[in-house]
>>> print(open('final-v8.csv').read())   # CSV, N, CA and C atoms
chain,number,residue,atom,x,y,z
A,170,ILE,N,0.8,-1.2,0.0
A,170,ILE,CA,0.0,0.0,0.0
A,170,ILE,C,0.9,1.2,0.0
A,171,LEU,N,0.6,2.1,-0.9
A,171,LEU,CA,1.3,3.4,-1.0
A,171,LEU,C,0.6,4.5,-0.2
A,172,ALA,N,1.1,4.9,0.8
A,172,ALA,CA,0.5,6.0,1.6
A,172,ALA,C,1.1,7.3,1.4
A,173,GLY,N,0.3,8.3,1.2
A,173,GLY,CA,0.8,9.7,1.0
A,173,GLY,C,1.1,10.0,-0.4
A,174,ILE,N,0.9,9.1,-1.3
A,174,ILE,CA,1.1,9.5,-2.7
A,174,ILE,C,-0.3,9.6,-3.4
A,175,LYS,N,-0.5,10.8,-3.9
A,175,LYS,CA,-1.8,11.2,-4.4
A,175,LYS,C,-1.8,10.8,-5.9
A,176,ASP,N,-2.9,10.2,-6.4
A,176,ASP,CA,-3.1,9.8,-7.8
A,176,ASP,C,-3.5,11.1,-8.5
A,177,GLN,N,-2.6,11.7,-9.2
A,177,GLN,CA,-2.9,12.9,-9.9
A,177,GLN,C,-3.1,12.7,-11.4
A,178,ARG,N,-4.3,12.9,-11.9
A,178,ARG,CA,-4.5,12.7,-13.3
A,178,ARG,C,-4.4,14.1,-14.0
A,179,ILE,N,-3.9,14.1,-15.2
A,179,ILE,CA,-3.8,15.3,-16.0
A,179,ILE,C,-4.7,15.2,-17.1
A,180,SER,N,-5.6,16.2,-17.2
A,180,SER,CA,-6.6,16.3,-18.3
A,180,SER,C,-6.0,17.1,-19.4
A,181,GLU,N,-6.2,16.7,-20.7
A,181,GLU,CA,-5.7,17.4,-21.8
A,181,GLU,C,-6.5,18.7,-22.2
A,182,LEU,N,-5.7,19.8,-22.4
A,182,LEU,CA,-6.3,21.0,-22.9
A,182,LEU,C,-6.3,21.1,-24.4
A,183,SER,N,-7.2,21.8,-25.0
A,183,SER,CA,-7.2,22.0,-26.4
A,183,SER,C,-6.6,23.4,-26.6
A,184,LEU,N,-5.5,23.6,-27.3
A,184,LEU,CA,-4.8,24.9,-27.6
A,184,LEU,C,-4.8,25.1,-29.1
A,185,MET,N,-5.4,26.2,-29.5
A,185,MET,CA,-5.5,26.5,-30.9
A,185,MET,C,-5.2,28.0,-31.2
A,186,PRO,N,-4.7,28.5,-32.3
A,186,PRO,CA,-4.1,27.6,-33.3
A,186,PRO,C,-2.8,27.0,-32.9
A,187,ASN,N,-2.4,26.0,-33.5
A,187,ASN,CA,-1.1,25.4,-33.2
A,187,ASN,C,-0.4,25.0,-34.5
A,188,PRO,N,0.6,25.8,-35.0
A,188,PRO,CA,1.4,26.8,-34.2
A,188,PRO,C,0.6,28.1,-34.1
A,189,ALA,N,1.0,28.8,-33.0
A,189,ALA,CA,0.4,30.1,-32.7
A,189,ALA,C,1.3,31.2,-33.1
A,190,GLN,N,0.7,32.4,-33.4
A,190,GLN,CA,1.5,33.6,-33.7
A,190,GLN,C,1.4,34.6,-32.5
A,191,ASP,N,0.2,35.1,-32.3
A,191,ASP,CA,0.0,36.2,-31.4
A,191,ASP,C,-0.7,35.7,-30.1
A,192,ALA,N,-1.5,34.7,-30.2
A,192,ALA,CA,-2.3,34.2,-29.0
A,192,ALA,C,-2.7,32.8,-29.3
A,193,ILE,N,-3.0,32.1,-28.2
A,193,ILE,CA,-3.7,30.8,-28.2
A,193,ILE,C,-5.0,30.9,-27.6
A,194,THR,N,-6.0,30.1,-28.1
A,194,THR,CA,-7.3,30.0,-27.5
A,194,THR,C,-7.3,28.6,-26.7
A,195,ILE,N,-7.7,28.7,-25.5
A,195,ILE,CA,-7.6,27.5,-24.6
A,195,ILE,C,-9.0,27.0,-24.3
A,196,SER,N,-9.2,25.7,-24.6
A,196,SER,CA,-10.5,25.1,-24.3
A,196,SER,C,-10.3,23.9,-23.4
A,197,GLY,N,-11.3,23.5,-22.6
A,197,GLY,CA,-11.2,22.3,-21.9
A,197,GLY,C,-11.2,22.5,-20.4
A,198,LEU,N,-11.3,23.8,-19.9
A,198,LEU,CA,-11.3,24.0,-18.5
A,198,LEU,C,-12.7,24.3,-18.0
A,199,PRO,N,-13.1,23.7,-16.9
A,199,PRO,CA,-14.4,24.0,-16.3
A,199,PRO,C,-14.3,25.4,-15.6
A,200,ALA,N,-15.4,25.9,-15.2
A,200,ALA,CA,-15.5,27.2,-14.6
A,200,ALA,C,-14.9,27.1,-13.2
A,201,GLY,N,-14.2,28.1,-12.8
A,201,GLY,CA,-13.6,28.2,-11.5
A,201,GLY,C,-12.2,28.9,-11.5
A,202,ARG,N,-11.7,29.1,-10.3
A,202,ARG,CA,-10.4,29.8,-10.1
A,202,ARG,C,-9.3,28.8,-10.6
A,203,LEU,N,-8.3,29.4,-11.2
A,203,LEU,CA,-7.2,28.6,-11.7
A,203,LEU,C,-5.8,29.3,-11.5
A,204,GLN,N,-4.8,28.5,-11.5
A,204,GLN,CA,-3.4,29.0,-11.6
A,204,GLN,C,-2.8,28.3,-12.8
A,205,TRP,N,-2.0,29.1,-13.6
A,205,TRP,CA,-1.4,28.5,-14.8
A,205,TRP,C,0.0,28.9,-14.8
A,206,VAL,N,0.8,27.9,-15.5
A,206,VAL,CA,2.2,28.1,-15.7
A,206,VAL,C,2.6,27.6,-17.1
A,207,MET,N,3.4,28.4,-17.8
A,207,MET,CA,3.9,28.0,-19.1
A,207,MET,C,5.4,27.7,-19.0
A,208,TYR,N,5.7,26.6,-19.6
A,208,TYR,CA,7.1,26.1,-19.5
A,208,TYR,C,7.7,26.1,-20.9
A,209,ASP,N,9.0,26.4,-21.0
A,209,ASP,CA,9.8,26.2,-22.3
A,209,ASP,C,10.3,24.8,-22.4
A,210,PRO,N,11.0,24.4,-23.5
A,210,PRO,CA,11.4,23.1,-23.7
A,210,PRO,C,12.4,22.6,-22.6
A,211,GLN,N,13.1,23.5,-21.9
A,211,GLN,CA,14.0,23.1,-20.9
A,211,GLN,C,13.3,22.9,-19.5
A,212,GLY,N,12.0,23.2,-19.5
A,212,GLY,CA,11.3,23.1,-18.2
A,212,GLY,C,11.3,24.3,-17.4
A,213,ALA,N,11.9,25.4,-17.9
A,213,ALA,CA,11.9,26.7,-17.2
A,213,ALA,C,10.5,27.4,-17.3
A,214,VAL,N,10.1,28.1,-16.3
A,214,VAL,CA,8.9,28.8,-16.3
A,214,VAL,C,9.1,30.1,-17.1
A,215,VAL,N,8.3,30.3,-18.1
A,215,VAL,CA,8.4,31.6,-18.9
A,215,VAL,C,7.3,32.5,-18.6
A,216,LEU,N,6.1,32.1,-18.2
A,216,LEU,CA,5.0,32.9,-17.8
A,216,LEU,C,4.2,32.2,-16.8
A,217,MET,N,3.5,32.9,-15.9
A,217,MET,CA,2.6,32.3,-15.0
A,217,MET,C,1.5,33.3,-14.6
A,218,GLY,N,0.4,32.8,-14.1
A,218,GLY,CA,-0.7,33.7,-13.7
A,218,GLY,C,-1.8,33.0,-13.0
A,219,GLU,N,-2.8,33.7,-12.6
A,219,GLU,CA,-4.0,33.1,-12.0
A,219,GLU,C,-5.2,33.9,-12.5
A,220,GLY,N,-6.3,33.3,-12.4
A,220,GLY,CA,-7.6,34.0,-12.8
A,220,GLY,C,-8.8,33.1,-12.6
A,221,SER,N,-9.8,33.4,-13.3
A,221,SER,CA,-11.1,32.7,-13.3
A,221,SER,C,-11.4,32.2,-14.7
A,222,ALA,N,-11.7,30.9,-14.8
A,222,ALA,CA,-12.2,30.4,-16.1
A,222,ALA,C,-13.7,30.4,-16.0
A,223,THR,N,-14.3,30.6,-17.2
A,223,THR,CA,-15.8,30.7,-17.2
A,223,THR,C,-16.4,29.4,-17.7
A,224,GLY,N,-15.6,28.4,-18.0
A,224,GLY,CA,-16.1,27.2,-18.6
A,224,GLY,C,-16.1,27.2,-20.1
A,225,GLY,N,-15.8,28.4,-20.7
A,225,GLY,CA,-15.7,28.5,-22.1
A,225,GLY,C,-14.3,28.8,-22.5
A,226,PRO,N,-14.0,29.0,-23.8
A,226,PRO,CA,-12.6,29.3,-24.2
A,226,PRO,C,-12.1,30.6,-23.7
A,227,TRP,N,-10.8,30.7,-23.4
A,227,TRP,CA,-10.1,31.9,-23.1
A,227,TRP,C,-8.8,32.1,-23.9
A,228,ARG,N,-8.3,33.3,-24.0
A,228,ARG,CA,-7.2,33.6,-24.8
A,228,ARG,C,-6.0,34.0,-24.0
A,229,LEU,N,-4.8,33.6,-24.4
A,229,LEU,CA,-3.6,33.9,-23.8
A,229,LEU,C,-2.6,34.4,-24.8
A,230,GLY,N,-2.0,35.6,-24.7
A,230,GLY,CA,-1.1,36.2,-25.6
A,230,GLY,C,0.2,35.4,-25.7
A,231,THR,N,0.8,35.3,-26.9
A,231,THR,CA,2.0,34.6,-27.1
A,231,THR,C,3.1,35.6,-27.8
A,232,GLN,N,2.7,36.8,-27.9
A,232,GLN,CA,3.6,37.8,-28.7
A,232,GLN,C,5.0,37.8,-28.1
A,233,GLU,N,5.1,37.8,-26.8
A,233,GLU,CA,6.4,38.0,-26.1
A,233,GLU,C,7.2,36.7,-26.0
A,234,LEU,N,6.7,35.6,-26.5
A,234,LEU,CA,7.4,34.3,-26.5
A,234,LEU,C,8.2,34.1,-27.7
A,235,ALA,N,9.4,33.5,-27.5
A,235,ALA,CA,10.3,33.2,-28.6
A,235,ALA,C,9.7,32.0,-29.4
A,236,ASN,N,10.0,31.8,-30.6
A,236,ASN,CA,9.6,30.7,-31.4
A,236,ASN,C,10.0,29.4,-30.7
A,237,GLY,N,9.2,28.4,-30.8
A,237,GLY,CA,9.5,27.1,-30.2
A,237,GLY,C,8.3,26.5,-29.5
A,238,PRO,N,8.5,25.3,-28.9
A,238,PRO,CA,7.5,24.5,-28.2
A,238,PRO,C,7.3,25.0,-26.8
A,239,TYR,N,6.1,24.9,-26.3
A,239,TYR,CA,5.8,25.2,-24.9
A,239,TYR,C,4.7,24.2,-24.3
A,240,VAL,N,4.7,24.2,-23.0
A,240,VAL,CA,3.7,23.4,-22.3
A,240,VAL,C,2.9,24.4,-21.4
A,241,LEU,N,1.6,24.3,-21.4
A,241,LEU,CA,0.8,25.1,-20.5
A,241,LEU,C,0.1,24.2,-19.5
A,242,ARG,N,0.3,24.5,-18.3
A,242,ARG,CA,-0.3,23.6,-17.2
A,242,ARG,C,-1.2,24.5,-16.3
A,243,ALA,N,-2.4,24.1,-16.1
A,243,ALA,CA,-3.3,24.9,-15.3
A,243,ALA,C,-3.8,24.0,-14.2
A,244,THR,N,-3.9,24.5,-13.0
A,244,THR,CA,-4.3,23.8,-11.8
A,244,THR,C,-5.6,24.5,-11.2
A,245,MET,N,-6.6,23.6,-10.9
A,245,MET,CA,-7.8,24.1,-10.3
A,245,MET,C,-8.1,23.2,-9.1
A,246,GLY,N,-7.8,23.6,-8.0
A,246,GLY,CA,-7.9,22.8,-6.8
A,246,GLY,C,-7.0,21.6,-6.9
A,247,ASP,N,-7.6,20.4,-6.9
A,247,ASP,CA,-6.7,19.2,-7.0
A,247,ASP,C,-6.7,18.6,-8.5
A,248,ARG,N,-7.2,19.4,-9.4
A,248,ARG,CA,-7.3,19.0,-10.8
A,248,ARG,C,-6.2,19.7,-11.6
A,249,THR,N,-5.5,19.0,-12.5
A,249,THR,CA,-4.5,19.5,-13.4
A,249,THR,C,-4.8,19.3,-14.8
A,250,PHE,N,-4.6,20.4,-15.6
A,250,PHE,CA,-4.9,20.3,-17.0
A,250,PHE,C,-3.6,20.7,-17.8
A,251,GLN,N,-3.3,20.1,-18.9
A,251,GLN,CA,-2.1,20.4,-19.6
A,251,GLN,C,-2.3,20.4,-21.1
A,252,GLY,N,-1.6,21.2,-21.8
A,252,GLY,CA,-1.6,21.2,-23.3
A,252,GLY,C,-0.2,21.7,-23.8
A,253,ARG,N,0.1,21.2,-25.0
A,253,ARG,CA,1.3,21.6,-25.7
A,253,ARG,C,1.0,22.4,-26.9
A,254,PHE,N,1.9,23.4,-27.2
A,254,PHE,CA,1.7,24.2,-28.4
A,254,PHE,C,3.1,24.7,-28.9
A,255,VAL,N,3.1,25.2,-30.1
A,255,VAL,CA,4.3,25.8,-30.7
A,255,VAL,C,4.0,27.2,-31.0
A,256,VAL,N,5.0,28.1,-30.8
A,256,VAL,CA,4.9,29.5,-31.2
A,256,VAL,C,5.8,29.6,-32.4
A,257,GLN,N,5.2,30.2,-33.5
A,257,GLN,CA,5.9,30.5,-34.7
A,257,GLN,C,5.5,31.8,-35.2
A,258,HIS,N,6.3,32.9,-35.0
A,258,HIS,CA,6.0,34.2,-35.4
A,258,HIS,C,6.3,34.4,-36.9
>>> encode(input="final-v8.csv", output="structure tokens")
Amino acid sequence: ILAGIKDQRISELSLMPNPAQDAITISGLPAGRLQWVMYDPQGAVVLMGEGSATGGPWRLGTQELANGPYVLRATMGDRTFQGRFVVQH
């Protein structure tokens, strides 16, 4: 029996367009408060924030990001959501 290890499932986010130029539209989050973090290919945090999801799509600007692949991870309570996308200006 494993005690103290939480079974954490990661739900997939829909991120479009992919590749992105100026912004991505994120779908797949339920309504509620969230914290989000964006990682570069080396696993470094490049952007982070928090806010409220409405249950519908929301947009996140990518203008300041360099070209390349990224991972967006959002946390809502004990639920984690993740999606991958590419920035190509």
>>> residues_around(input="final-v8.csv", residues="Gln232 (chain A)", least_positions_apart="3", cutoff="7 Å", atoms="only N, CA and C atoms", output="ChimeraX atom specification")
/A:190-192,229,235
>>> write_last_selection(input="final-v8.csv", atoms="N, CA and C atoms", output="compact mmCIF listing (two decimals), in the frame of the given file")
# COMPACT_ATOMS: atom_id res chain seq x y z
N GLN A 190 0.70 32.40 -33.40
CA GLN A 190 1.50 33.60 -33.70
C GLN A 190 1.40 34.60 -32.50
N ASP A 191 0.20 35.10 -32.30
CA ASP A 191 0.00 36.20 -31.40
C ASP A 191 -0.70 35.70 -30.10
N ALA A 192 -1.50 34.70 -30.20
CA ALA A 192 -2.30 34.20 -29.00
C ALA A 192 -2.70 32.80 -29.30
N LEU A 229 -4.80 33.60 -24.40
CA LEU A 229 -3.60 33.90 -23.80
C LEU A 229 -2.60 34.40 -24.80
N ALA A 235 9.40 33.50 -27.50
CA ALA A 235 10.30 33.20 -28.60
C ALA A 235 9.70 32.00 -29.40
>>> select_by_dssp(input="final-v8.csv", residues="chain A", states="strand (DSSP E or B)", output="PyMOL selection string")
chain A and resi 179-181+183-185+189+192-196+201-208+214-222+227-230+237-245+248-256
>>> closest_residue(input="final-v8.csv", among="A:Ala222, A:Leu216, A:Val240, A:Ile179", to="Leu203 (chain A)", atoms="only N, CA and C atoms")
A:Ala222
>>> closest_residue(input="final-v8.csv", among="A:Leu234, A:Met185, A:Gly225, A:Met217", to="Gly197 (chain A)", atoms="only N, CA and C atoms")
A:Gly225
>>> residues_around(input="final-v8.csv", residues="Arg248 (chain A)", least_positions_apart="3", cutoff="12 Å", atoms="only C-alpha atoms", output="list in words")
Lys175, Asp176, Gln177, Arg178, Ile179, Ser180, Glu181, Leu198, Pro199, Gly201, Arg202, Leu203, Gln204, Trp205, Arg242, Ala243, Thr244, Met245 and Gln251 of chain A
>>> closest_residue(input="final-v8.csv", among="A:Leu182, A:Pro226, A:Gln211, A:Ala189", to="Leu241 (chain A)", atoms="all atoms listed in the file")
A:Leu182
>>> axis_aligned_box(input="final-v8.csv", around="region 192-198 of chain A", padding_each_side="5 Å", output="JSON")
{"center_x": -7.1, "center_y": 28.5, "center_z": -24.1, "size_x": 21.2, "size_y": 22.4, "size_z": 22.2}
>>> residues_around(input="final-v8.csv", residues="Tyr208 (chain A)", least_positions_apart="6", cutoff="5 Å", atoms="only N, CA and C atoms", output="list in words")
Val214, Val215, Tyr239 and Val240 of chain A
>>> atom_distance(input="final-v8.csv", atom1="CA of Gly218 (chain A)", atom2="CA of Val255 (chain A)")
19.4 Å
>>> closest_residue(input="final-v8.csv", among="A:Val256, A:Gly246, A:Ile193, A:Ala200", to="Arg228 (chain A)", atoms="only N, CA and C atoms")
A:Ile193
>>> atom_distance(input="final-v8.csv", atom1="atom N of Gly224 (chain A)", atom2="atom C of Ser183 (chain A)")
13.4 Å
>>> build_atoms(input="final-v8.csv", residues="region 187-199 of chain A", atoms="N, CA, C and O atoms", output="mmCIF file, in the coordinates of the input")
data_model
loop_
_atom_site.group_PDB
_atom_site.id
_atom_site.type_symbol
_atom_site.label_atom_id
_atom_site.label_comp_id
_atom_site.auth_asym_id
_atom_site.auth_seq_id
_atom_site.Cartn_x
_atom_site.Cartn_y
_atom_site.Cartn_z
ATOM 1 N N ASN A 187 -2.400 26.000 -33.500
ATOM 2 C CA ASN A 187 -1.100 25.400 -33.200
ATOM 3 C C ASN A 187 -0.400 25.000 -34.500
ATOM 4 O O ASN A 187 -0.858 24.094 -35.182
ATOM 5 N N PRO A 188 0.600 25.800 -35.000
ATOM 6 C CA PRO A 188 1.400 26.800 -34.200
ATOM 7 C C PRO A 188 0.600 28.100 -34.100
ATOM 8 O O PRO A 188 -0.196 28.457 -34.885
ATOM 9 N N ALA A 189 1.000 28.800 -33.000
ATOM 10 C CA ALA A 189 0.400 30.100 -32.700
ATOM 11 C C ALA A 189 1.300 31.200 -33.100
ATOM 12 O O ALA A 189 2.548 31.044 -33.102
ATOM 13 N N GLN A 190 0.700 32.400 -33.400
ATOM 14 C CA GLN A 190 1.500 33.600 -33.700
ATOM 15 C C GLN A 190 1.400 34.600 -32.500
ATOM 16 O O GLN A 190 2.389 34.854 -31.862
ATOM 17 N N ASP A 191 0.200 35.100 -32.300
ATOM 18 C CA ASP A 191 0.000 36.200 -31.400
ATOM 19 C C ASP A 191 -0.700 35.700 -30.100
ATOM 20 O O ASP A 191 -0.591 36.370 -29.057
ATOM 21 N N ALA A 192 -1.500 34.700 -30.200
ATOM 22 C CA ALA A 192 -2.300 34.200 -29.000
ATOM 23 C C ALA A 192 -2.700 32.800 -29.300
ATOM 24 O O ALA A 192 -2.784 32.299 -30.402
ATOM 25 N N ILE A 193 -3.000 32.100 -28.200
ATOM 26 C CA ILE A 193 -3.700 30.800 -28.200
ATOM 27 C C ILE A 193 -5.000 30.900 -27.600
ATOM 28 O O ILE A 193 -5.240 31.678 -26.653
ATOM 29 N N THR A 194 -6.000 30.100 -28.100
ATOM 30 C CA THR A 194 -7.300 30.000 -27.500
ATOM 31 C C THR A 194 -7.300 28.600 -26.700
ATOM 32 O O THR A 194 -6.981 27.580 -27.338
ATOM 33 N N ILE A 195 -7.700 28.700 -25.500
ATOM 34 C CA ILE A 195 -7.600 27.500 -24.600
ATOM 35 C C ILE A 195 -9.000 27.000 -24.300
ATOM 36 O O ILE A 195 -9.848 27.777 -23.879
ATOM 37 N N SER A 196 -9.200 25.700 -24.600
ATOM 38 C CA SER A 196 -10.500 25.100 -24.300
ATOM 39 C C SER A 196 -10.300 23.900 -23.400
ATOM 40 O O SER A 196 -9.240 23.246 -23.508
ATOM 41 N N GLY A 197 -11.300 23.500 -22.600
ATOM 42 C CA GLY A 197 -11.200 22.300 -21.900
ATOM 43 C C GLY A 197 -11.200 22.500 -20.400
ATOM 44 O O GLY A 197 -10.986 21.536 -19.611
ATOM 45 N N LEU A 198 -11.300 23.800 -19.900
ATOM 46 C CA LEU A 198 -11.300 24.000 -18.500
ATOM 47 C C LEU A 198 -12.700 24.300 -18.000
ATOM 48 O O LEU A 198 -13.485 24.970 -18.629
ATOM 49 N N PRO A 199 -13.100 23.700 -16.900
ATOM 50 C CA PRO A 199 -14.400 24.000 -16.300
ATOM 51 C C PRO A 199 -14.300 25.400 -15.600
ATOM 52 O O PRO A 199 -13.253 25.991 -15.525
#
